[in-house]
$ cat upload-v7.txt   # compact mmCIF, N, CA and C atoms
# COMPACT_ATOMS: atom_id res chain seq x y z
N MET G 5 233.96 -124.17 58.96
CA MET G 5 232.76 -124.34 58.17
C MET G 5 233.08 -125.26 56.99
N PRO G 6 232.25 -126.31 56.77
CA PRO G 6 232.54 -127.22 55.66
C PRO G 6 232.30 -126.55 54.31
N ILE G 7 233.03 -127.03 53.31
CA ILE G 7 232.85 -126.52 51.96
C ILE G 7 231.52 -127.05 51.43
N PRO G 8 230.66 -126.17 50.93
CA PRO G 8 229.36 -126.62 50.42
C PRO G 8 229.50 -127.58 49.25
N VAL G 9 228.59 -128.52 49.23
CA VAL G 9 228.53 -129.48 48.14
C VAL G 9 227.32 -129.11 47.29
N ASP G 10 227.47 -129.18 45.99
CA ASP G 10 226.37 -128.89 45.08
C ASP G 10 225.24 -129.87 45.36
N PRO G 11 224.04 -129.37 45.69
CA PRO G 11 222.92 -130.27 45.95
C PRO G 11 222.37 -130.92 44.68
N ARG G 12 222.88 -130.51 43.51
CA ARG G 12 222.43 -131.08 42.23
C ARG G 12 223.63 -131.53 41.40
N PRO G 13 224.38 -132.51 41.90
CA PRO G 13 225.53 -132.97 41.12
C PRO G 13 225.13 -133.63 39.80
N ASP G 14 223.84 -133.93 39.66
CA ASP G 14 223.35 -134.48 38.39
C ASP G 14 223.41 -133.45 37.27
N LEU G 15 223.49 -132.17 37.64
CA LEU G 15 223.63 -131.09 36.66
C LEU G 15 225.12 -130.74 36.58
N ARG G 16 225.89 -131.59 35.96
CA ARG G 16 227.35 -131.56 36.01
C ARG G 16 228.00 -130.35 35.38
N ALA G 17 227.40 -129.78 34.36
CA ALA G 17 228.06 -128.73 33.59
C ALA G 17 228.52 -127.56 34.45
N ASP G 18 227.76 -127.23 35.48
CA ASP G 18 228.11 -126.07 36.30
C ASP G 18 228.26 -126.40 37.78
N SER G 19 228.39 -127.67 38.09
CA SER G 19 228.46 -128.10 39.49
C SER G 19 229.63 -127.46 40.24
N MET G 20 230.81 -127.44 39.62
CA MET G 20 231.97 -126.86 40.29
C MET G 20 231.78 -125.35 40.52
N LEU G 21 231.13 -124.68 39.57
CA LEU G 21 230.86 -123.24 39.75
C LEU G 21 229.98 -123.00 40.95
N TRP G 22 228.95 -123.82 41.12
CA TRP G 22 228.07 -123.65 42.28
C TRP G 22 228.83 -123.89 43.58
N GLU G 23 229.69 -124.88 43.60
CA GLU G 23 230.46 -125.15 44.81
C GLU G 23 231.38 -123.97 45.14
N ARG G 24 232.00 -123.38 44.12
CA ARG G 24 232.85 -122.20 44.35
C ARG G 24 232.02 -121.02 44.84
N LEU G 25 230.88 -120.80 44.21
CA LEU G 25 230.02 -119.68 44.59
C LEU G 25 229.55 -119.83 46.03
N MET G 26 229.02 -120.99 46.38
CA MET G 26 228.48 -121.18 47.72
C MET G 26 229.56 -121.16 48.80
N SER G 27 230.75 -121.65 48.48
CA SER G 27 231.81 -121.66 49.49
C SER G 27 232.36 -120.27 49.76
N ALA G 28 232.24 -119.35 48.79
CA ALA G 28 232.74 -117.99 48.97
C ALA G 28 231.67 -117.03 49.49
N ALA G 29 230.42 -117.45 49.46
CA ALA G 29 229.30 -116.56 49.81
C ALA G 29 229.09 -116.47 51.32
N SER G 30 228.45 -115.38 51.72
CA SER G 30 228.01 -115.25 53.12
C SER G 30 227.01 -116.37 53.40
N PRO G 31 226.79 -116.71 54.67
CA PRO G 31 225.81 -117.77 54.98
C PRO G 31 224.42 -117.50 54.39
N GLU G 32 224.00 -116.25 54.40
CA GLU G 32 222.67 -115.93 53.88
C GLU G 32 222.60 -116.15 52.37
N LEU G 33 223.60 -115.67 51.64
CA LEU G 33 223.62 -115.85 50.19
C LEU G 33 223.85 -117.31 49.84
N ALA G 34 224.69 -117.99 50.58
CA ALA G 34 224.91 -119.43 50.32
C ALA G 34 223.61 -120.19 50.48
N GLY G 35 222.82 -119.85 51.49
CA GLY G 35 221.54 -120.52 51.70
C GLY G 35 220.56 -120.26 50.56
N ALA G 36 220.49 -119.02 50.12
CA ALA G 36 219.61 -118.69 49.00
C ALA G 36 220.08 -119.38 47.72
N SER G 37 221.39 -119.41 47.50
CA SER G 37 221.95 -120.07 46.32
C SER G 37 221.66 -121.57 46.36
N HIS G 38 221.81 -122.15 47.53
CA HIS G 38 221.54 -123.58 47.70
C HIS G 38 220.09 -123.89 47.34
N GLY G 39 219.17 -123.06 47.82
CA GLY G 39 217.76 -123.28 47.50
C GLY G 39 217.47 -123.18 46.01
N LEU G 40 218.05 -122.18 45.36
CA LEU G 40 217.87 -122.03 43.92
C LEU G 40 218.45 -123.23 43.16
N ARG G 41 219.61 -123.67 43.60
CA ARG G 41 220.24 -124.80 42.92
C ARG G 41 219.43 -126.08 43.10
N CYS G 42 218.86 -126.27 44.28
CA CYS G 42 218.00 -127.44 44.50
C CYS G 42 216.88 -127.50 43.47
N LEU G 43 216.43 -126.33 43.05
CA LEU G 43 215.35 -126.24 42.06
C LEU G 43 215.86 -126.23 40.62
N GLY G 44 217.12 -126.57 40.42
CA GLY G 44 217.64 -126.72 39.07
C GLY G 44 218.20 -125.48 38.42
N THR G 45 218.37 -124.41 39.18
CA THR G 45 218.93 -123.18 38.62
C THR G 45 220.35 -123.44 38.14
N ARG G 46 220.70 -122.84 37.03
CA ARG G 46 222.03 -123.02 36.43
C ARG G 46 222.82 -121.72 36.42
N LEU G 47 224.12 -121.85 36.37
CA LEU G 47 225.01 -120.71 36.12
C LEU G 47 225.49 -120.87 34.69
N ILE G 48 225.23 -119.86 33.87
CA ILE G 48 225.63 -119.95 32.47
C ILE G 48 226.58 -118.81 32.14
N ARG G 49 227.48 -119.09 31.23
CA ARG G 49 228.42 -118.07 30.76
C ARG G 49 227.74 -117.27 29.66
N THR G 50 227.80 -115.94 29.81
CA THR G 50 227.28 -115.03 28.79
C THR G 50 228.45 -114.18 28.30
N ALA G 51 228.17 -113.30 27.37
CA ALA G 51 229.21 -112.40 26.87
C ALA G 51 229.74 -111.49 27.97
N LYS G 52 228.92 -111.23 28.99
CA LYS G 52 229.31 -110.33 30.08
C LYS G 52 229.84 -111.05 31.31
N GLY G 53 229.85 -112.37 31.32
CA GLY G 53 230.28 -113.13 32.49
C GLY G 53 229.27 -114.22 32.79
N TYR G 54 229.11 -114.55 34.05
CA TYR G 54 228.16 -115.59 34.43
C TYR G 54 226.83 -114.97 34.84
N ALA G 55 225.77 -115.75 34.59
CA ALA G 55 224.41 -115.32 34.94
C ALA G 55 223.66 -116.48 35.56
N VAL G 56 222.70 -116.16 36.41
CA VAL G 56 221.83 -117.14 37.05
C VAL G 56 220.66 -117.39 36.11
N ARG G 57 220.40 -118.68 35.78
CA ARG G 57 219.28 -119.03 34.93
C ARG G 57 218.40 -120.06 35.65
N PRO G 58 217.27 -119.60 36.16
CA PRO G 58 216.39 -120.51 36.91
C PRO G 58 215.62 -121.45 35.98
N ASP G 59 215.07 -122.47 36.58
CA ASP G 59 214.17 -123.39 35.89
C ASP G 59 212.76 -122.93 36.25
N PRO G 60 212.07 -122.22 35.35
CA PRO G 60 210.76 -121.66 35.68
C PRO G 60 209.73 -122.70 36.11
N GLU G 61 209.78 -123.89 35.51
CA GLU G 61 208.82 -124.93 35.89
C GLU G 61 209.04 -125.41 37.32
N ALA G 62 210.31 -125.57 37.70
CA ALA G 62 210.61 -126.01 39.06
C ALA G 62 210.18 -124.94 40.07
N LEU G 63 210.43 -123.68 39.76
CA LEU G 63 209.99 -122.61 40.66
C LEU G 63 208.47 -122.58 40.78
N ALA G 64 207.79 -122.73 39.66
CA ALA G 64 206.32 -122.73 39.68
C ALA G 64 205.79 -123.91 40.49
N SER G 65 206.51 -125.02 40.47
CA SER G 65 206.04 -126.19 41.20
C SER G 65 206.03 -125.97 42.71
N VAL G 66 206.79 -124.99 43.18
CA VAL G 66 206.79 -124.65 44.61
C VAL G 66 206.09 -123.32 44.86
N GLY G 67 205.44 -122.79 43.82
CA GLY G 67 204.62 -121.60 43.98
C GLY G 67 205.36 -120.28 43.94
N TRP G 68 206.54 -120.24 43.32
CA TRP G 68 207.33 -119.02 43.23
C TRP G 68 207.60 -118.67 41.79
N THR G 69 207.90 -117.40 41.56
CA THR G 69 208.45 -116.97 40.28
C THR G 69 209.89 -116.55 40.55
N TYR G 70 210.70 -116.48 39.50
CA TYR G 70 212.07 -116.06 39.70
C TYR G 70 212.12 -114.63 40.23
N THR G 71 211.23 -113.78 39.77
CA THR G 71 211.21 -112.39 40.25
C THR G 71 211.00 -112.36 41.76
N GLU G 72 210.10 -113.17 42.28
CA GLU G 72 209.86 -113.22 43.73
C GLU G 72 211.09 -113.72 44.48
N ILE G 73 211.71 -114.77 43.97
CA ILE G 73 212.92 -115.31 44.60
C ILE G 73 214.04 -114.27 44.57
N ARG G 74 214.25 -113.67 43.39
CA ARG G 74 215.31 -112.67 43.23
C ARG G 74 215.11 -111.52 44.20
N ASP G 75 213.90 -110.97 44.21
CA ASP G 75 213.64 -109.80 45.05
C ASP G 75 213.71 -110.11 46.54
N THR G 76 213.30 -111.30 46.92
CA THR G 76 213.26 -111.67 48.33
C THR G 76 214.62 -112.15 48.85
N TYR G 77 215.29 -113.00 48.09
CA TYR G 77 216.48 -113.67 48.62
C TYR G 77 217.81 -113.20 48.01
N LEU G 78 217.80 -112.76 46.77
CA LEU G 78 219.06 -112.35 46.15
C LEU G 78 219.30 -110.85 46.21
N ALA G 79 218.26 -110.05 46.04
CA ALA G 79 218.43 -108.59 46.01
C ALA G 79 219.16 -108.03 47.24
N PRO G 80 218.89 -108.55 48.45
CA PRO G 80 219.63 -108.01 49.60
C PRO G 80 221.14 -108.26 49.53
N HIS G 81 221.56 -109.12 48.62
CA HIS G 81 222.98 -109.49 48.51
C HIS G 81 223.54 -109.16 47.13
N THR G 82 222.94 -108.19 46.46
CA THR G 82 223.32 -107.89 45.08
C THR G 82 224.81 -107.60 44.92
N SER G 83 225.36 -106.73 45.74
CA SER G 83 226.77 -106.38 45.55
C SER G 83 227.68 -107.59 45.78
N GLU G 84 227.36 -108.39 46.77
CA GLU G 84 228.16 -109.60 47.02
C GLU G 84 228.03 -110.58 45.85
N LEU G 85 226.81 -110.79 45.37
CA LEU G 85 226.59 -111.72 44.27
C LEU G 85 227.30 -111.25 43.00
N VAL G 86 227.25 -109.97 42.70
CA VAL G 86 227.93 -109.44 41.51
C VAL G 86 229.44 -109.68 41.62
N ARG G 87 229.99 -109.42 42.79
CA ARG G 87 231.43 -109.64 43.00
C ARG G 87 231.80 -111.11 42.84
N LEU G 88 231.01 -111.99 43.44
CA LEU G 88 231.31 -113.42 43.36
C LEU G 88 231.17 -113.96 41.94
N MET G 89 230.16 -113.48 41.23
CA MET G 89 229.97 -113.93 39.85
C MET G 89 231.13 -113.45 38.97
N ALA G 90 231.61 -112.23 39.21
CA ALA G 90 232.77 -111.74 38.46
C ALA G 90 233.99 -112.60 38.77
N ASN G 91 234.16 -112.99 40.02
CA ASN G 91 235.28 -113.85 40.39
C ASN G 91 235.17 -115.23 39.74
N LEU G 92 233.96 -115.74 39.57
CA LEU G 92 233.78 -117.02 38.88
C LEU G 92 234.33 -116.91 37.45
N GLY G 93 234.04 -115.80 36.82
CA GLY G 93 234.52 -115.59 35.46
C GLY G 93 236.03 -115.55 35.38
N ARG G 94 236.66 -114.92 36.35
CA ARG G 94 238.12 -114.84 36.36
C ARG G 94 238.72 -116.22 36.66
N ALA G 95 238.11 -116.95 37.58
CA ALA G 95 238.65 -118.27 37.95
C ALA G 95 238.50 -119.28 36.82
N ALA G 96 237.45 -119.11 36.00
CA ALA G 96 237.20 -120.08 34.92
C ALA G 96 238.00 -119.77 33.67
N SER G 97 238.58 -118.59 33.60
CA SER G 97 239.31 -118.19 32.38
C SER G 97 240.67 -118.85 32.31
$ encode --input "upload-v7.txt" --output "structure tokens"
Amino acid sequence: MPIPVDPRPDLRADSMLWERLMSAASPELAGASHGLRCLGTRLIRTAKGYAVRPDPEALASVGWTYTEIRDTYLAPHTSELVRLMANLGRAAS
């Protein structure tokens, strides 16, 4: 399986994080992550680790809210996503 490439390399600050996340994720989570990233979603460092920060305008432009995306595509993979996000924090330290 090829290593995923960030579909938004123009958003350089977190491009490598997205590539790490998508390459370690299951195919289903990688697909959901890829879709969110296409819409400009960012991974940001918080006091607790990394967090997903969507672009609300981009989501609205395709008729979705982040809550709908999260509940439909990310919630089924919560434990995997939490583990991968924690690993991003360890790898970036």
$ atom_distance --input "upload-v7.txt" --atom1 "atom C of G:Arg94" --atom2 "atom CA of G:Thr76"
28.4 Å
$ atom_distance --input "upload-v7.txt" --atom1 "atom N of G:Leu40" --atom2 "atom CA of G:Ile73"
8.6 Å
$ residues_around --input "upload-v7.txt" --residues "G:Ala29" --least-positions-apart "5" --cutoff "8 Å" --atoms "all atoms listed in the file" --output "PyMOL selection string"
chain G and resi 23-24+34-35+84-85+88
$ residues_around --input "upload-v7.txt" --residues "stretch 45-62 of chain G" --least-positions-apart "2" --cutoff "8 Å" --atoms "only N, CA and C atoms" --output "JSON, numbers by chain"
{"G": [17, 18, 19, 21, 22, 39, 40, 41, 42, 43, 64, 65, 66, 67, 68, 69, 70, 89, 90, 91, 92, 93, 94]}
$ write_last_selection --input "upload-v7.txt" --atoms "N, CA and C atoms" --output "tab-separated table (two decimals), in the coordinates of the input"
chain	number	residue	atom	x	y	z
G	17	ALA	N	227.40	-129.78	34.36
G	17	ALA	CA	228.06	-128.73	33.59
G	17	ALA	C	228.52	-127.56	34.45
G	18	ASP	N	227.76	-127.23	35.48
G	18	ASP	CA	228.11	-126.07	36.30
G	18	ASP	C	228.26	-126.40	37.78
G	19	SER	N	228.39	-127.67	38.09
G	19	SER	CA	228.46	-128.10	39.49
G	19	SER	C	229.63	-127.46	40.24
G	21	LEU	N	231.13	-124.68	39.57
G	21	LEU	CA	230.86	-123.24	39.75
G	21	LEU	C	229.98	-123.00	40.95
G	22	TRP	N	228.95	-123.82	41.12
G	22	TRP	CA	228.07	-123.65	42.28
G	22	TRP	C	228.83	-123.89	43.58
G	39	GLY	N	219.17	-123.06	47.82
G	39	GLY	CA	217.76	-123.28	47.50
G	39	GLY	C	217.47	-123.18	46.01
G	40	LEU	N	218.05	-122.18	45.36
G	40	LEU	CA	217.87	-122.03	43.92
G	40	LEU	C	218.45	-123.23	43.16
G	41	ARG	N	219.61	-123.67	43.60
G	41	ARG	CA	220.24	-124.80	42.92
G	41	ARG	C	219.43	-126.08	43.10
G	42	CYS	N	218.86	-126.27	44.28
G	42	CYS	CA	218.00	-127.44	44.50
G	42	CYS	C	216.88	-127.50	43.47
G	43	LEU	N	216.43	-126.33	43.05
G	43	LEU	CA	215.35	-126.24	42.06
G	43	LEU	C	215.86	-126.23	40.62
G	64	ALA	N	207.79	-122.73	39.66
G	64	ALA	CA	206.32	-122.73	39.68
G	64	ALA	C	205.79	-123.91	40.49
G	65	SER	N	206.51	-125.02	40.47
G	65	SER	CA	206.04	-126.19	41.20
G	65	SER	C	206.03	-125.97	42.71
G	66	VAL	N	206.79	-124.99	43.18
G	66	VAL	CA	206.79	-124.65	44.61
G	66	VAL	C	206.09	-123.32	44.86
G	67	GLY	N	205.44	-122.79	43.82
G	67	GLY	CA	204.62	-121.60	43.98
G	67	GLY	C	205.36	-120.28	43.94
G	68	TRP	N	206.54	-120.24	43.32
G	68	TRP	CA	207.33	-119.02	43.23
G	68	TRP	C	207.60	-118.67	41.79
G	69	THR	N	207.90	-117.40	41.56
G	69	THR	CA	208.45	-116.97	40.28
G	69	THR	C	209.89	-116.55	40.55
G	70	TYR	N	210.70	-116.48	39.50
G	70	TYR	CA	212.07	-116.06	39.70
G	70	TYR	C	212.12	-114.63	40.23
G	89	MET	N	230.16	-113.48	41.23
G	89	MET	CA	229.97	-113.93	39.85
G	89	MET	C	231.13	-113.45	38.97
G	90	ALA	N	231.61	-112.23	39.21
G	90	ALA	CA	232.77	-111.74	38.46
G	90	ALA	C	233.99	-112.60	38.77
G	91	ASN	N	234.16	-112.99	40.02
G	91	ASN	CA	235.28	-113.85	40.39
G	91	ASN	C	235.17	-115.23	39.74
G	92	LEU	N	233.96	-115.74	39.57
G	92	LEU	CA	233.78	-117.02	38.88
G	92	LEU	C	234.33	-116.91	37.45
G	93	GLY	N	234.04	-115.80	36.82
G	93	GLY	CA	234.52	-115.59	35.46
G	93	GLY	C	236.03	-115.55	35.38
G	94	ARG	N	236.66	-114.92	36.35
G	94	ARG	CA	238.12	-114.84	36.36
G	94	ARG	C	238.72	-116.22	36.66
$ axis_aligned_box --input "upload-v7.txt" --around "stretch 11-22 of chain G" --padding-each-side "8 Å" --output "AutoDock Vina command-line options"
--center_x 227.2 --center_y -128.7 --center_z 39.8 --size_x 25.6 --size_y 27.5 --size_z 28.4
$ select_by_dssp --input "upload-v7.txt" --residues "chain G" --states "strand (DSSP E)" --output "list in words"
Arg46, Leu47, Ile48, Arg49, Thr50, Gly53, Tyr54, Ala55, Val56 and Arg57 of chain G
$ atom_distance --input "upload-v7.txt" --atom1 "atom N of G:Asp10" --atom2 "atom CA of G:Met26"
8.2 Å
$ select_by_dssp --input "upload-v7.txt" --residues "stretch 57-97 of chain G" --states "helix (DSSP H, G or I)" --output "ChimeraX atom specification"
/G:60-65,70-96
